[in-house]
Structures are given as C-alpha cells and as structure tokens.
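Undergrad: Structure supplied as start11.cif; contents: mmCIF, C-alpha atoms.
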data_input
#
loop_
_atom_site.label_atom_id
_atom_site.label_comp_id
_atom_site.auth_asym_id
_atom_site.auth_seq_id
_atom_site.Cartn_x
_atom_site.Cartn_y
_atom_site.Cartn_z
CA MET A 1 4.93 -43.86 187.06
CA SER A 2 4.43 -42.61 183.52
CA GLY A 3 2.74 -44.28 180.59
CA LYS A 4 -0.87 -44.93 179.66
CA LYS A 5 -2.89 -47.37 181.68
CA PRO A 6 -3.42 -50.65 179.80
CA PRO A 7 -6.93 -51.17 178.35
CA LEU A 8 -9.45 -52.85 180.64
CA ARG A 9 -9.71 -55.87 178.35
CA ASP A 10 -6.02 -56.77 178.87
CA SER A 11 -6.28 -56.34 182.62
CA LEU A 12 -9.34 -58.57 182.69
CA ARG A 13 -7.60 -61.23 180.64
CA PHE A 14 -4.53 -61.05 182.86
CA TYR A 15 -6.40 -61.31 186.13
CA GLY A 16 -8.82 -63.79 184.63
CA LYS A 17 -5.89 -66.08 183.85
CA LEU A 18 -4.62 -65.79 187.43
CA VAL A 19 -8.03 -66.58 188.84
CA LEU A 20 -8.51 -69.52 186.50
CA ILE A 21 -5.17 -71.12 187.29
CA LEU A 22 -5.55 -70.72 191.04
CA PHE A 23 -9.09 -72.08 190.80
CA GLY A 24 -7.87 -75.03 188.78
CA ILE A 25 -5.15 -75.93 191.27
CA THR A 26 -7.55 -75.53 194.20
CA ALA A 27 -10.24 -77.60 192.49
CA VAL A 28 -7.90 -80.51 191.75
CA SER A 29 -6.53 -80.39 195.33
CA ALA A 30 -10.05 -80.41 196.75
CA LEU A 31 -10.97 -83.41 194.62
CA LEU A 32 -7.89 -85.32 195.74
CA MET A 33 -8.54 -84.55 199.39
CA ALA A 34 -12.20 -85.54 199.07
CA LEU A 35 -11.08 -88.85 197.57
CA VAL A 36 -8.66 -89.65 200.38
CA ASN A 37 -11.20 -88.48 202.96
CA GLY A 38 -13.82 -90.80 201.51
CA LEU A 39 -11.41 -93.70 201.66
CA THR A 40 -10.35 -93.12 205.27
CA GLN A 41 -13.32 -91.63 207.10
CA ASP A 42 -15.00 -94.90 208.06
CA ARG A 43 -11.82 -96.26 209.51
CA ILE A 44 -11.07 -93.06 211.42
CA ALA A 45 -14.59 -92.98 212.85
CA SER A 46 -14.42 -96.59 214.01
CA LEU A 47 -11.00 -96.01 215.61
CA ALA A 48 -12.38 -93.01 217.53
CA GLU A 49 -15.34 -95.12 218.66
CA ASP A 50 -12.99 -97.91 219.82
CA ARG A 51 -11.00 -95.40 221.85
CA ARG A 52 -14.14 -94.11 223.49
CA GLN A 53 -15.40 -97.60 224.28
CA ALA A 54 -12.03 -98.49 225.80
CA ALA A 55 -12.16 -95.38 227.99
CA MET A 56 -15.69 -96.18 229.12
CA SER A 57 -14.79 -99.76 229.99
CA ALA A 58 -11.77 -98.49 231.91
CA VAL A 59 -13.83 -96.24 234.19
CA MET A 60 -16.85 -98.55 234.61
CA PRO A 61 -15.66 -101.87 236.02
CA GLY A 62 -17.50 -105.08 235.22
CA GLU A 63 -17.68 -107.85 232.64
CA ASN A 64 -20.08 -107.65 229.70
CA VAL A 65 -21.13 -104.08 230.35
CA ILE A 66 -23.41 -102.66 227.68
CA PHE A 67 -23.49 -98.93 227.06
CA SER A 68 -26.20 -96.87 225.47
CA GLN A 69 -26.48 -93.17 225.01
CA VAL A 70 -28.91 -91.11 227.06
CA PRO A 71 -30.10 -87.53 226.50
CA PHE A 72 -27.72 -84.90 227.79
CA ASP A 73 -27.16 -81.17 227.65
CA PRO A 74 -24.50 -80.57 224.99
CA GLY A 75 -23.61 -77.25 226.59
CA THR A 76 -22.01 -78.89 229.62
CA VAL A 77 -21.19 -82.43 228.62
CA LEU A 78 -19.74 -84.07 225.50
CA ASP A 79 -21.45 -87.43 225.90
CA MET A 80 -23.31 -89.43 228.51
CA GLN A 81 -23.95 -93.13 228.36
CA VAL A 82 -25.71 -95.46 230.77
CA ALA A 83 -24.03 -98.74 231.61
CA TYR A 84 -25.96 -101.96 232.09
CA GLU A 85 -24.57 -105.29 233.14
CA GLY A 86 -26.86 -108.25 232.86
CA GLY A 87 -29.93 -106.01 232.96
CA ILE A 88 -28.86 -104.18 236.12
CA LEU A 89 -28.05 -100.48 235.99
CA ARG A 90 -24.39 -100.17 236.84
CA GLY A 91 -24.00 -96.45 236.41
CA TYR A 92 -23.13 -93.79 233.87
CA CYS A 93 -20.11 -92.76 231.81
CA VAL A 94 -19.78 -89.05 231.25
CA GLN A 95 -17.34 -87.52 228.77
CA LEU A 96 -16.71 -83.82 229.26
CA THR A 97 -14.06 -81.12 229.20
CA ALA A 98 -12.65 -78.98 231.99
CA ASP A 99 -10.45 -75.93 231.53
CA GLY A 100 -6.92 -76.76 232.53
CA PHE A 101 -3.71 -74.79 232.47
CA GLY A 102 -3.04 -75.20 228.75
CA GLY A 103 -6.58 -75.58 227.47
CA PRO A 104 -9.48 -77.99 227.79
CA ILE A 105 -8.83 -81.36 229.42
CA THR A 106 -11.09 -84.13 228.10
CA LEU A 107 -12.18 -86.48 230.88
CA MET A 108 -14.15 -89.72 231.01
CA VAL A 109 -15.81 -90.11 234.42
CA GLY A 110 -17.64 -93.22 235.58
CA VAL A 111 -20.44 -92.66 238.10
CA ASP A 112 -22.36 -95.45 239.80
CA GLY A 113 -26.05 -95.56 240.75
CA GLY A 114 -25.32 -94.03 244.14
CA SER A 115 -23.64 -90.94 242.63
CA LYS A 116 -20.18 -92.08 243.55
CA VAL A 117 -17.25 -92.03 241.16
CA THR A 118 -16.13 -95.40 239.82
CA GLY A 119 -13.19 -94.17 237.79
CA VAL A 120 -11.62 -91.22 236.01
CA LYS A 121 -9.63 -91.31 232.81
CA ILE A 122 -7.96 -88.41 231.03
CA LEU A 123 -8.47 -88.65 227.26
CA ASP A 124 -6.83 -85.49 226.04
CA HIS A 125 -4.95 -82.60 227.54
CA ASN A 126 -2.44 -79.88 226.78
CA GLU A 127 -0.75 -79.50 230.15
CA THR A 128 2.87 -78.66 230.84
CA ALA A 129 5.15 -81.65 230.41
CA GLY A 130 6.51 -82.98 233.66
CA VAL A 131 4.31 -80.67 235.73
CA GLY A 132 0.63 -80.80 234.79
CA THR A 133 1.06 -84.14 233.03
CA ARG A 134 1.75 -85.75 236.42
CA VAL A 135 -2.01 -85.59 236.95
CA ASP A 136 -2.47 -88.14 234.14
CA ASN A 137 -1.37 -90.91 236.45
CA SER A 138 -3.49 -93.88 237.45
CA ALA A 139 -2.40 -93.73 241.08
CA TYR A 140 -3.59 -90.14 241.41
CA LEU A 141 -6.80 -90.63 239.44
CA SER A 142 -7.78 -93.80 241.29
CA ALA A 143 -7.98 -91.69 244.45
CA TYR A 144 -11.19 -90.28 242.97
CA ARG A 145 -12.94 -93.63 243.26
CA GLY A 146 -15.78 -93.68 245.75
CA ARG A 147 -15.84 -89.92 245.88
CA SER A 148 -19.16 -88.10 245.90
CA ALA A 149 -20.00 -84.58 244.83
CA GLY A 150 -18.52 -81.73 246.79
CA SER A 151 -15.93 -83.59 248.83
CA GLY A 152 -12.46 -82.18 248.42
CA ALA A 153 -9.65 -83.87 246.55
CA ASP A 154 -5.90 -83.66 246.96
CA ALA A 155 -4.02 -81.84 244.29
CA VAL A 156 -0.71 -82.95 242.79
CA SER A 157 1.89 -80.66 244.34
CA GLY A 158 3.06 -78.05 241.84
CA ALA A 159 0.18 -78.78 239.49
CA THR A 160 -2.67 -77.06 241.30
CA VAL A 161 -4.41 -75.62 238.26
CA THR A 162 -4.48 -78.95 236.43
CA SER A 163 -5.59 -80.86 239.54
CA ARG A 164 -8.38 -78.39 240.25
CA ALA A 165 -9.50 -78.67 236.63
CA VAL A 166 -9.82 -82.45 236.98
CA GLU A 167 -11.72 -81.97 240.24
CA ARG A 168 -14.09 -79.50 238.57
CA GLY A 169 -14.62 -81.96 235.71
CA VAL A 170 -15.47 -84.81 238.08
CA ASP A 171 -17.89 -82.59 239.98
CA ALA A 172 -19.53 -81.50 236.74
CA ALA A 173 -19.94 -85.15 235.74
CA LEU A 174 -21.56 -85.98 239.08
CA GLU A 175 -23.86 -82.97 238.66
CA ALA A 176 -24.83 -84.07 235.14
CA VAL A 177 -25.75 -87.54 236.40
CA ALA A 178 -27.66 -86.09 239.35
CA ARG A 179 -29.61 -83.80 237.03
CA PHE A 180 -30.39 -86.69 234.71
CA GLU A 181 -31.76 -88.76 237.58
CA ARG A 182 -33.74 -85.81 238.94
CA GLU A 183 -35.39 -85.40 235.56
CA GLY A 184 -36.65 -88.97 235.67
CA GLY A 185 -33.53 -91.01 235.02
CA MET A 186 -33.85 -94.06 232.82
CA SER A 187 -37.61 -93.67 232.51
CA VAL A 188 -37.03 -90.81 230.07
CA GLU A 189 -37.53 -91.96 226.49
CA GLU A 190 -34.76 -91.59 223.96
CA GLY A 191 -35.14 -88.30 222.14
CA GLU A 192 -36.76 -86.37 224.96
CA VAL A 193 -34.61 -83.81 226.68
CA MET B 1 -27.99 -100.33 153.10
CA LYS B 2 -24.50 -99.89 154.48
CA LYS B 3 -23.92 -96.48 156.05
CA GLU B 4 -21.13 -94.57 154.34
CA LYS B 5 -18.38 -93.65 156.77
CA SER B 6 -17.64 -89.92 156.70
CA LYS B 7 -14.55 -88.63 154.98
CA GLY B 8 -13.24 -87.15 158.22
CA TRP B 9 -13.32 -90.53 159.95
CA LEU B 10 -11.42 -92.19 157.10
CA GLU B 11 -8.75 -89.49 157.24
CA PHE B 12 -8.46 -89.92 160.99
CA ARG B 13 -8.10 -93.66 160.65
CA GLN B 14 -5.33 -93.19 158.11
CA ASN B 15 -3.38 -90.71 160.21
CA ALA B 16 -4.06 -92.29 163.61
CA PRO B 17 -1.09 -94.69 163.85
CA ALA B 18 1.38 -91.99 162.83
CA MET B 19 -0.20 -89.51 165.25
CA MET B 20 -0.03 -92.00 168.08
CA LYS B 21 3.60 -92.83 167.35
CA SER B 22 4.63 -89.20 167.31
CA GLY B 23 2.58 -88.57 170.46
CA VAL B 24 4.33 -91.40 172.27
CA ARG B 25 7.69 -90.16 171.04
CA ARG B 26 6.97 -86.64 172.27
CA ALA B 27 5.78 -87.94 175.63
CA GLY B 28 8.92 -90.03 175.89
CA GLY B 29 11.02 -86.96 175.11
CA TRP B 30 9.24 -84.96 177.78
CA LEU B 31 9.69 -87.74 180.34
CA GLY B 32 13.37 -87.98 179.51
CA ARG B 33 13.88 -84.23 179.83
CA SER B 34 11.87 -83.98 183.03
CA PHE B 35 13.26 -86.96 184.84
CA GLY B 36 16.66 -87.45 183.28
CA MET B 37 19.36 -86.81 185.82
CA GLU B 38 23.12 -86.75 185.90
CA PRO B 39 24.53 -88.77 188.80
CA GLY B 40 27.00 -85.99 189.54
CA LYS B 41 24.25 -83.45 190.06
CA VAL B 42 22.20 -85.91 192.11
CA ALA B 43 25.18 -86.56 194.39
CA GLN B 44 25.62 -82.80 194.84
CA ILE B 45 21.92 -82.44 195.71
CA PHE B 46 22.17 -85.11 198.36
CA LYS B 47 25.38 -83.65 199.79
CA ASN B 48 23.60 -80.31 200.05
CA GLY B 49 20.45 -81.62 201.62
CA LEU B 50 22.11 -83.89 204.14
CA VAL B 51 25.16 -81.88 205.18
CA LEU B 52 26.22 -78.68 203.44
CA GLN B 53 22.80 -77.02 203.50
CA ASN B 54 21.11 -79.14 206.15
CA PRO B 55 17.74 -77.40 206.65
CA THR B 56 17.85 -77.48 210.45
CA LEU B 57 21.54 -77.03 211.25
CA VAL B 58 22.63 -74.72 208.43
CA LEU B 59 19.57 -73.10 206.88
CA LEU B 60 17.85 -72.87 210.31
CA LEU B 61 14.40 -73.59 208.87
CA GLY B 62 11.45 -75.31 210.53
CA MET B 63 12.61 -74.53 214.07
CA CYS B 64 9.15 -74.67 215.66
CA SER B 65 8.41 -78.23 214.66
CA THR B 66 12.00 -79.21 215.41
CA LEU B 67 11.78 -78.11 219.03
CA ALA B 68 8.33 -79.55 219.55
CA VAL B 69 8.79 -83.10 218.28
CA THR B 70 12.35 -83.90 219.33
CA THR B 71 11.36 -84.70 222.93
CA SER B 72 11.44 -88.35 221.93
CA LEU B 73 13.42 -90.13 219.21
CA LYS B 74 10.39 -91.96 217.87
CA ASN B 75 8.41 -88.74 217.40
CA ALA B 76 11.42 -87.05 215.81
CA VAL B 77 12.01 -89.80 213.25
CA CYS B 78 8.33 -90.16 212.36
CA MET B 79 7.84 -86.42 212.02
CA GLY B 80 10.94 -86.24 209.84
CA LEU B 81 9.72 -89.02 207.58
CA SER B 82 6.24 -87.49 207.27
CA THR B 83 7.79 -84.15 206.34
CA THR B 84 10.03 -85.92 203.82
CA ALA B 85 6.98 -87.51 202.19
CA VAL B 86 5.22 -84.15 201.90
CA LEU B 87 8.40 -82.41 200.71
CA LEU B 88 8.98 -85.01 197.99
CA CYS B 89 5.41 -84.86 196.69
CA SER B 90 5.09 -81.09 196.81
CA ASN B 91 8.49 -80.51 195.13
CA LEU B 92 7.49 -82.93 192.38
CA VAL B 93 4.07 -81.38 191.74
CA ILE B 94 5.30 -77.78 191.92
CA SER B 95 8.12 -78.58 189.53
CA LEU B 96 5.66 -80.23 187.11
CA LEU B 97 3.48 -77.12 187.24
CA ARG B 98 6.31 -74.61 187.21
CA HIS B 99 5.66 -73.30 183.68
CA TRP B 100 1.96 -72.71 184.38
CA ILE B 101 2.04 -71.01 187.74
CA PRO B 102 2.18 -67.23 187.21
CA LYS B 103 4.71 -65.59 189.50
CA GLN B 104 2.13 -63.21 190.97
CA ILE B 105 0.20 -66.02 192.65
CA ARG B 106 2.99 -68.52 193.10
CA ILE B 107 3.03 -68.51 196.90
CA ALA B 108 -0.73 -69.08 197.06
CA CYS B 109 -0.42 -72.00 194.65
CA TYR B 110 2.49 -73.54 196.58
CA VAL B 111 0.57 -73.30 199.84
CA VAL B 112 -2.50 -74.98 198.30
CA VAL B 113 -0.39 -77.84 196.98
CA VAL B 114 1.50 -78.31 200.25
CA ALA B 115 -1.66 -78.10 202.36
CA SER B 116 -3.36 -80.75 200.22
CA PHE B 117 -0.50 -83.19 200.61
CA VAL B 118 -0.30 -82.57 204.35
CA THR B 119 -4.05 -83.17 204.67
CA ILE B 120 -3.70 -86.44 202.78
CA VAL B 121 -0.76 -87.54 204.96
CA ASP B 122 -2.72 -86.53 208.09
CA LEU B 123 -5.81 -88.51 207.07
CA LEU B 124 -3.72 -91.57 206.18
CA LEU B 125 -1.88 -91.42 209.52
CA GLN B 126 -5.13 -91.03 211.47
CA ALA B 127 -6.62 -94.04 209.71
CA TYR B 128 -3.67 -96.43 209.59
CA LEU B 129 -1.20 -95.30 212.28
CA PRO B 130 -3.51 -93.80 214.95
CA ALA B 131 -1.08 -94.09 217.89
CA LEU B 132 1.53 -92.14 215.94
CA SER B 133 -1.05 -89.57 214.85
CA GLU B 134 -2.02 -89.00 218.48
CA SER B 135 1.50 -88.55 219.75
CA LEU B 136 2.48 -86.18 216.91
CA GLY B 137 -0.82 -84.40 217.44
CA ILE B 138 -1.05 -80.90 216.07
CA PHE B 139 2.41 -81.00 214.52
CA ILE B 140 1.31 -82.95 211.47
CA PRO B 141 -1.01 -80.18 210.29
CA LEU B 142 1.79 -77.73 211.14
CA ILE B 143 3.96 -79.29 208.43
CA VAL B 144 2.08 -76.92 206.11
CA VAL B 145 3.88 -73.92 207.59
CA ASN B 146 7.18 -75.69 208.00
CA CYS B 147 9.41 -73.18 206.25
CA ILE B 148 11.54 -75.90 204.68
CA ILE B 149 8.78 -76.92 202.29
CA LEU B 150 7.92 -73.43 201.07
CA ALA B 151 11.59 -72.48 200.90
CA ARG B 152 12.53 -75.47 198.72
CA ALA B 153 9.47 -74.92 196.53
CA GLU B 154 10.49 -71.34 195.89
CA ALA B 155 14.25 -71.79 195.73
CA PHE B 156 14.52 -75.10 193.91
CA ALA B 157 11.39 -76.85 192.71
CA SER B 158 10.12 -73.87 190.72
CA LYS B 159 13.42 -73.62 188.87
CA HIS B 160 14.42 -77.21 188.14
CA THR B 161 13.07 -80.25 186.34
CA PRO B 162 10.82 -82.67 188.25
CA GLY B 163 13.55 -85.30 188.55
CA TYR B 164 15.99 -83.00 190.32
CA ALA B 165 13.20 -81.40 192.33
CA ALA B 166 12.10 -84.77 193.67
CA MET B 167 15.70 -85.63 194.55
CA ASP B 168 16.10 -82.30 196.34
CA GLY B 169 12.88 -82.91 198.28
CA LEU B 170 14.13 -86.33 199.30
CA ALA B 171 17.59 -85.04 200.24
CA MET B 172 16.32 -82.08 202.27
CA GLY B 173 13.75 -84.29 203.98
CA LEU B 174 16.36 -86.87 204.92
CA GLY B 175 18.66 -84.10 206.15
CA PHE B 176 15.81 -82.78 208.27
CA THR B 177 15.11 -86.28 209.60
CA ALA B 178 18.79 -86.82 210.40
CA SER B 179 19.12 -83.59 212.37
CA LEU B 180 15.82 -84.27 214.16
CA SER B 181 17.13 -87.71 215.10
CA ILE B 182 20.33 -86.30 216.58
CA LEU B 183 18.30 -83.86 218.67
CA GLY B 184 15.82 -86.58 219.57
CA VAL B 185 18.53 -88.91 220.83
CA VAL B 186 20.07 -86.19 223.03
CA ARG B 187 16.79 -84.89 224.41
CA GLU B 188 15.20 -88.24 225.06
CA LEU B 189 18.33 -89.73 226.63
CA LEU B 190 18.98 -86.78 228.93
CA GLY B 191 15.35 -85.87 229.52
CA SER B 192 13.79 -89.27 230.21
CA GLY B 193 16.60 -91.78 230.28
CA THR B 194 14.99 -93.75 227.49
CA LEU B 195 15.70 -94.30 223.80
CA TRP B 196 12.71 -95.05 221.55
CA GLY B 197 10.72 -95.69 224.72
CA VAL B 198 13.14 -98.30 226.02
CA SER B 199 14.73 -97.42 229.35
CA VAL B 200 18.47 -97.28 228.75
CA LEU B 201 20.05 -95.38 231.61
CA GLY B 202 18.53 -97.40 234.40
CA GLU B 203 16.56 -96.62 237.52
CA GLY B 204 19.12 -94.48 239.30
CA PHE B 205 19.16 -91.87 236.54
CA GLN B 206 17.61 -88.55 237.49
CA PRO B 207 16.22 -87.09 234.25
CA MET B 208 16.96 -83.48 233.29
CA LEU B 209 13.42 -82.19 232.78
CA LEU B 210 14.77 -78.90 231.44
CA VAL B 211 15.94 -80.67 228.31
CA VAL B 212 12.40 -81.82 227.53
CA ALA B 213 10.96 -78.33 227.91
CA PRO B 214 11.16 -75.92 224.95
CA CYS B 215 13.82 -73.70 226.53
CA GLY B 216 16.07 -76.67 227.12
CA GLY B 217 15.38 -77.79 223.59
CA PHE B 218 16.61 -74.44 222.31
CA ILE B 219 19.81 -74.81 224.30
CA VAL B 220 20.40 -78.34 222.99
CA LEU B 221 19.67 -77.15 219.45
CA GLY B 222 22.20 -74.34 219.85
CA CYS B 223 24.84 -76.79 221.03
CA VAL B 224 24.22 -79.15 218.11
CA ILE B 225 24.35 -76.29 215.59
CA ALA B 226 27.61 -75.09 217.17
CA ALA B 227 29.03 -78.61 216.87
CA ALA B 228 27.96 -78.76 213.22
CA GLN B 229 29.58 -75.39 212.44
CA TRP B 230 32.77 -76.48 214.17
CA ALA B 231 32.84 -79.68 212.12
CA ARG B 232 32.36 -77.63 208.98
CA SER B 233 35.20 -75.27 209.75
CA LEU B 234 37.46 -78.25 210.52
CA ALA B 235 36.57 -79.81 207.17
CA GLU B 236 37.20 -76.53 205.38
CA ARG B 237 40.58 -76.08 207.03
CA ARG B 238 41.57 -79.63 206.20
CA GLY B 239 40.36 -79.12 202.65
CA LYS B 240 42.57 -76.06 202.26
CA THR B 241 45.82 -77.64 203.46
#
With the file now loaded, output its structure as structure tokens.

TA:
Amino acid sequence: MSGKKPPLRDSLRFYGKLVLILFGITAVSALLMALVNGLTQDRIASLAEDRRQAAMSAVMPGENVIFSQVPFDPGTVLDMQVAYEGGILRGYCVQLTADGFGGPITLMVGVDGGSKVTGVKILDHNETAGVGTRVDNSAYLSAYRGRSAGSGADAVSGATVTSRAVERGVDAALEAVARFEREGGMSVEEGEV
Amino acid sequence: MKKEKSKGWLEFRQNAPAMMKSGVRRAGGWLGRSFGMEPGKVAQIFKNGLVLQNPTLVLLLGMCSTLAVTTSLKNAVCMGLSTTAVLLCSNLVISLLRHWIPKQIRIACYVVVVASFVTIVDLLLQAYLPALSESLGIFIPLIVVNCIILARAEAFASKHTPGYAAMDGLAMGLGFTASLSILGVVRELLGSGTLWGVSVLGEGFQPMLLVVAPCGGFIVLGCVIAAAQWARSLAERRGKT
C-alpha cells in the first residue's frame, strides 16, 4: 500500500467517533435494561419464592407447615429449611443439585426427624427427552419415600445415569440433615455455622 | 424597580412561534419520509417475508432455535411471536440509527441493540408469563444469536426507512412463526400425539419419539423444506404457462 500515513490527529478523531457512538448506543441500552429490570425484579423474585414454597410443601406433607431457613454449607447444598407444624418439628427441606447426564439436576428433598425421606421433587434438569426425563415422574420419585441413607434405589431402565444422579442427590440431602443434627440441630442459633 | 428584560430574550420571544412552527413542520416532514409507505411495496415485503423468502424454509436461517422449540406447537408459536417482537423493535431502531452507525462498527452496534431488546423481552416474560419462560428456557436468550435478526438488520433495516424496516421485521417474524408452527404441528402430533397439549390421537397411539429428538427434527425440517421447494416450482411452472 502506497501513500503517506494520515496524521495522528485524524486517526484519533476517526476512532474517537467510533468509540463515542458505540459508547452512546451501549449506554442508552444499559439504561433501558436497568429500567425494565427495576420494574420487573420484585415480581420475578416473588414468583421464584412461590415456586420454591410450592416445592417445599410438595415434599413435606402436612397442613399449616411453617418453614424457616437454617444454617447450611453452601458448598454442598443450595438451601435448607426446617419445617414446623403446630410447634412440632416435622423435618427439613433440602434444595441441592446433583450431576446428571446433561448437567446439574436441581432437587428438593424432604427429610423427616428420623432421617427418612418424605418426598422428592425435581425442580430443574437438562436430561434427554423421553429417556432421562422419565425420572421426573411422581410414581418413580414417590418410591423414595421412607428411604434412609445408604439403602439402594431402583433405577429407571435405560436412564441409569439420571437415576443414579437423583439417588446421589437424595443421599447428599440426608447427609446434610444428619450433619446439621450432629452439630446441634435446632439448638444452633441463626447466623452460627 | 422593574428589571429590564435582556435584548436576547426579547428577540427569542419574537422568533419563538415561527421557530416552533418550522420545527414542527420539519419534524412532520421527517416522520412522513421515515414512515410513509406505498401499499405496493408493503405487500411485496409481506409476500417476501411470509413465502418467497421465508427465513426458515427458503433462507435457512435460525435453524438451531427452530429445531429446539418445535417439539410442541405452543412453544413454537410463542417462540415465533417473541422473535417477531424482537425483530420488529430491532429493525425499527437500527433503521432509525442507520445514518449514525459507522460501517466499521455496525455489527457490534446491531448486536448491542438486539441483545437489549431480547433482555427486555426475557425479563417481561419471566415476570408476567413465568410458565412460558420456563418451558422456552434458554432459547429466549438465544434469540440474540438467531441469524434472522442480524441478517435482516444488515440486509434490510440498515438500508431502508423505518417504516419499511418495521414492516419487514413484522413480515419476516410472521414467516418465521408460520414455519415454526408447521413444524410444531408435525412434531407434536407425531411425537406425542397431542396438539397444544391436548391429546388428539387417543390412547392407542404409539408416539414416534425420534421426531421429538433433534435428529428427527432435522429430518422433519428437511421434508417440510422439500415440500416448500416443490410448491414453489409448481407455482413457477404454472406462472410460466
């Protein structure tokens, strides 16, 4: 390529204009998105909370059950709540993930005071349609009820990886509850780990 | 003592009505030029978007989302309508900005505009239509990289007035929705025996799971494209005789 290079001032002005325009478009977009986010975030948060409450009520049977959060180890478990009904400890609801065939499966496991499972619900998964998704079936999951840690579980035929993931998740939930009770259970104050 | 108004203010007050009138006139002229449309051209745009240059069946754009969401008719239609909304808005905005976006950074600017609209649509869906947002899942954010939107921004919106650009966005979006619906009907009917969630083929029907899987979706897509091409060649032959 022949010809003199253009003076630095022109290059700066040229690139400066590009930068300014791109910045302007990005700034206006960011403002718009912040606006819509501000308008919708409360509603989105309350919808997510409703979904979680519904899942907890589904795995912990009983009328008028009150949940409250207890300290948990965020490395292993997403959330742990204790369930009271009329002042009596009914059990715990543990939300956690287990690695399935197509990624993490989010589970909600209900555990009663005697470390037995009261219910399992799958909240989110990425399993193969028609194969792994057959695990997300109330008939299969209800077989987990009354199960304690370490006892085997049947797998759905053809969906071994997914079934084993659910089993691992349930075991991890039972372990989290057992650890919580070993460390003092409900006598631990909120905020202590 | 009364304060004397400055000379500049008096001049402004004198010229203000005339300035406003000419400003309104110029704005009106701009609006007319930007949004004025000939019905003939609009009809051609819609014919293109819906049939002649249908984004899925002729231009073969946006295949990933097409295969992923057409497992059920409801998902297909809702995804199509969401994409149409984003396409309409982004075509409009990019066309309005077309004289100010330098060609060296045009793709970056288009992507920023499209991503913003998709984020807004995603947030609105999550807040007001949560069940739909959950079943469409990750494919709403993936509208950003749906080739249809970038392709129309580059090929049409950056070169036409906002009125025509908006019409093109609408037409292409509706064409996309129509082709998604056709695929959705076939895949849901054959793959689950239902239509919009309602069981249609009865208990005795053994669903073809292959059709719901991506490979089966590809095969169904190929068949529908072949049918569309055959219809086109028939129309051309009839047009010639």

Undergrad: Using the chain letters and numbers from the file, which residues does the PyMOL selection byres ((chain A and resi 43-45) around 12) grab, as a ChimeraX atom specification?

TA: /A:36-42,46-52 /B:122-131,133

Undergrad: If the PyMOL selection byres ((chain B) within 9 of (chain A)) were run on this exact file, what residues would it hold? Put them as a ChimeraX atom specification.

TA: /B:100-102,104-105,108-109,112-113,115-117,119-120,123-124,126-128,130,209,212-213

Undergrad: If I take CA of Arg237 (chain B) and CA of Met167 (chain B), how far is one from the other in Å, to one decimal?

TA: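 We find that CA of Arg237 (chain B) and CA of Met167 (chain B) lie 29.4 Å from each other.
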
Undergrad: Point out the residue among A:Ala83, A:Ile105, A:Ala55, A:Ala149 with the least atom-to-atom distance to Ala165 (chain A), counting all atoms listed in the file.

TA: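 For Ala165 (chain A), the nearest of the given residues is A:Ile105.
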
Undergrad: Applied to this file, what does the PyMOL selection byres ((chain A and resi 85) around 9) return in terms of residues, put as a VMD selection string?

TA: chain A and resid 62 to 67 83 to 84 86 to 90

Undergrad: Write out as lines of an AutoDock Vina configuration file an axis-aligned box for region 104-107 of chain B: all of its atoms listed in the file, 8 Å added on each side, centre and edge lengths in Å with one decimal.

TA:
center_x = 1.6
center_y = -65.9
center_z = 193.9
size_x = 18.8
size_y = 21.3
size_z = 21.9

Undergrad: Counting all atoms listed in the file, which of B:Val198, B:Leu96, B:Met20, B:Leu136 gets nearest to Lys159 (chain B)?

TA: B:Leu96

Undergrad: Pick the closest to Leu67 (chain B) from B:Leu180, B:Cys147, B:Ala226, B:Val118: which is it, counting all atoms listed in the file?

TA: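 Using all atoms listed in the file, the shortest distance to Leu67 (chain B) belongs to B:Leu180.
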
Undergrad: Just to confirm, what's the straight-line distance from CA of Thr118 (chain A) to CA of Leu78 (chain A) in Å (one decimal)?

TA: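 Going from CA of Thr118 (chain A) over to CA of Leu78 (chain A), I get 18.6 Å.
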
Undergrad: Given all atoms listed in the file as the basis, pick out the residue of B:Thr83, B:Asn91, B:Gln53, B:Ser181 nearest to Arg232 (chain B).

TA: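 Counting all atoms listed in the file, the residue closest to Arg232 (chain B) is B:Gln53.
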
Undergrad: In terms of the shortest atom-to-atom distance over all atoms listed in the file, which of B:Ala171, B:Val200, B:Glu188, B:Ile219 is closest to Ala85 (chain B)?

TA: B:Ala171

Undergrad: Quick one: residues within 7 Å of region 136-142 of chain A, only C-alpha atoms, excluding same-chain residues fewer than 6 positions away - as a ChimeraX atom specification?

TA: /A:119-120,122

Undergrad: Need to verify the contact set: Lys74 (chain B), 10 Å, only C-alpha atoms, exclusion of same-chain residues closer than 4 positions in sequence. Can you return it as a PyMOL selection string?

TA: chain B and resi 69-70+78-80+132+135-136+181+184-185+188+195-197

Undergrad: Could you write those residues out with C-alpha atoms, as a JSON list (two decimals), in the frame of the given file?

TA:
[["chain", "number", "residue", "atom", "x", "y", "z"],
["B", 69, "VAL", "CA", 8.79, -83.10, 218.28],
["B", 70, "THR", "CA", 12.35, -83.90, 219.33],
["B", 78, "CYS", "CA", 8.33, -90.16, 212.36],
["B", 79, "MET", "CA", 7.84, -86.42, 212.02],
["B", 80, "GLY", "CA", 10.94, -86.24, 209.84],
["B", 132, "LEU", "CA", 1.53, -92.14, 215.94],
["B", 135, "SER", "CA", 1.50, -88.55, 219.75],
["B", 136, "LEU", "CA", 2.48, -86.18, 216.91],
["B", 181, "SER", "CA", 17.13, -87.71, 215.10],
["B", 184, "GLY", "CA", 15.82, -86.58, 219.57],
["B", 185, "VAL", "CA", 18.53, -88.91, 220.83],
["B", 188, "GLU", "CA", 15.20, -88.24, 225.06],
["B", 195, "LEU", "CA", 15.70, -94.30, 223.80],
["B", 196, "TRP", "CA", 12.71, -95.05, 221.55],
["B", 197, "GLY", "CA", 10.72, -95.69, 224.72]]

Undergrad: For Cys64 (chain B), list every protein, DNA or RNA residue within 12 Å, evaluated using all atoms listed in the file, and leave out those in the same chain fewer than 6 positions away; present the list as a ChimeraX atom specification.

TA: /B:56,70,138-139,142-143,145-148,180,214-215,217-218,221

Undergrad: With distances taken over only C-alpha atoms, which of B:Thr84, B:Ser65, B:Leu52, B:Ala153 is nearest to Ala231 (chain B)?

TA: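 Among the listed residues, the smallest separation from Ala231 (chain B) belongs to B:Leu52.
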
Undergrad: If you count only C-alpha atoms, which residues fall within 12 Å of Leu59 (chain B), apart from same-chain ones fewer than 3 positions away, as a PyMOL selection string?

TA: chain B and resi 48-56+62-63+147-148+151-152+172+175-176+179+225+228-229

Undergrad: Quick one: distance from CA of Pro104 (chain A) to CA of Arg145 (chain A) in Å, one decimal?

TA: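 According to the coordinates, CA of Pro104 (chain A) and CA of Arg145 (chain A) are separated by 22.3 Å.
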
Undergrad: Tell me which protein, DNA and RNA residues are within 10 Å of Pro162 (chain B), counting all atoms listed in the file, leaving out same-chain ones fewer than 4 positions away, and put them as an NGL selection string.

TA: :B and (31 or 33-37 or 91-98 or 157-158 or 166-168)
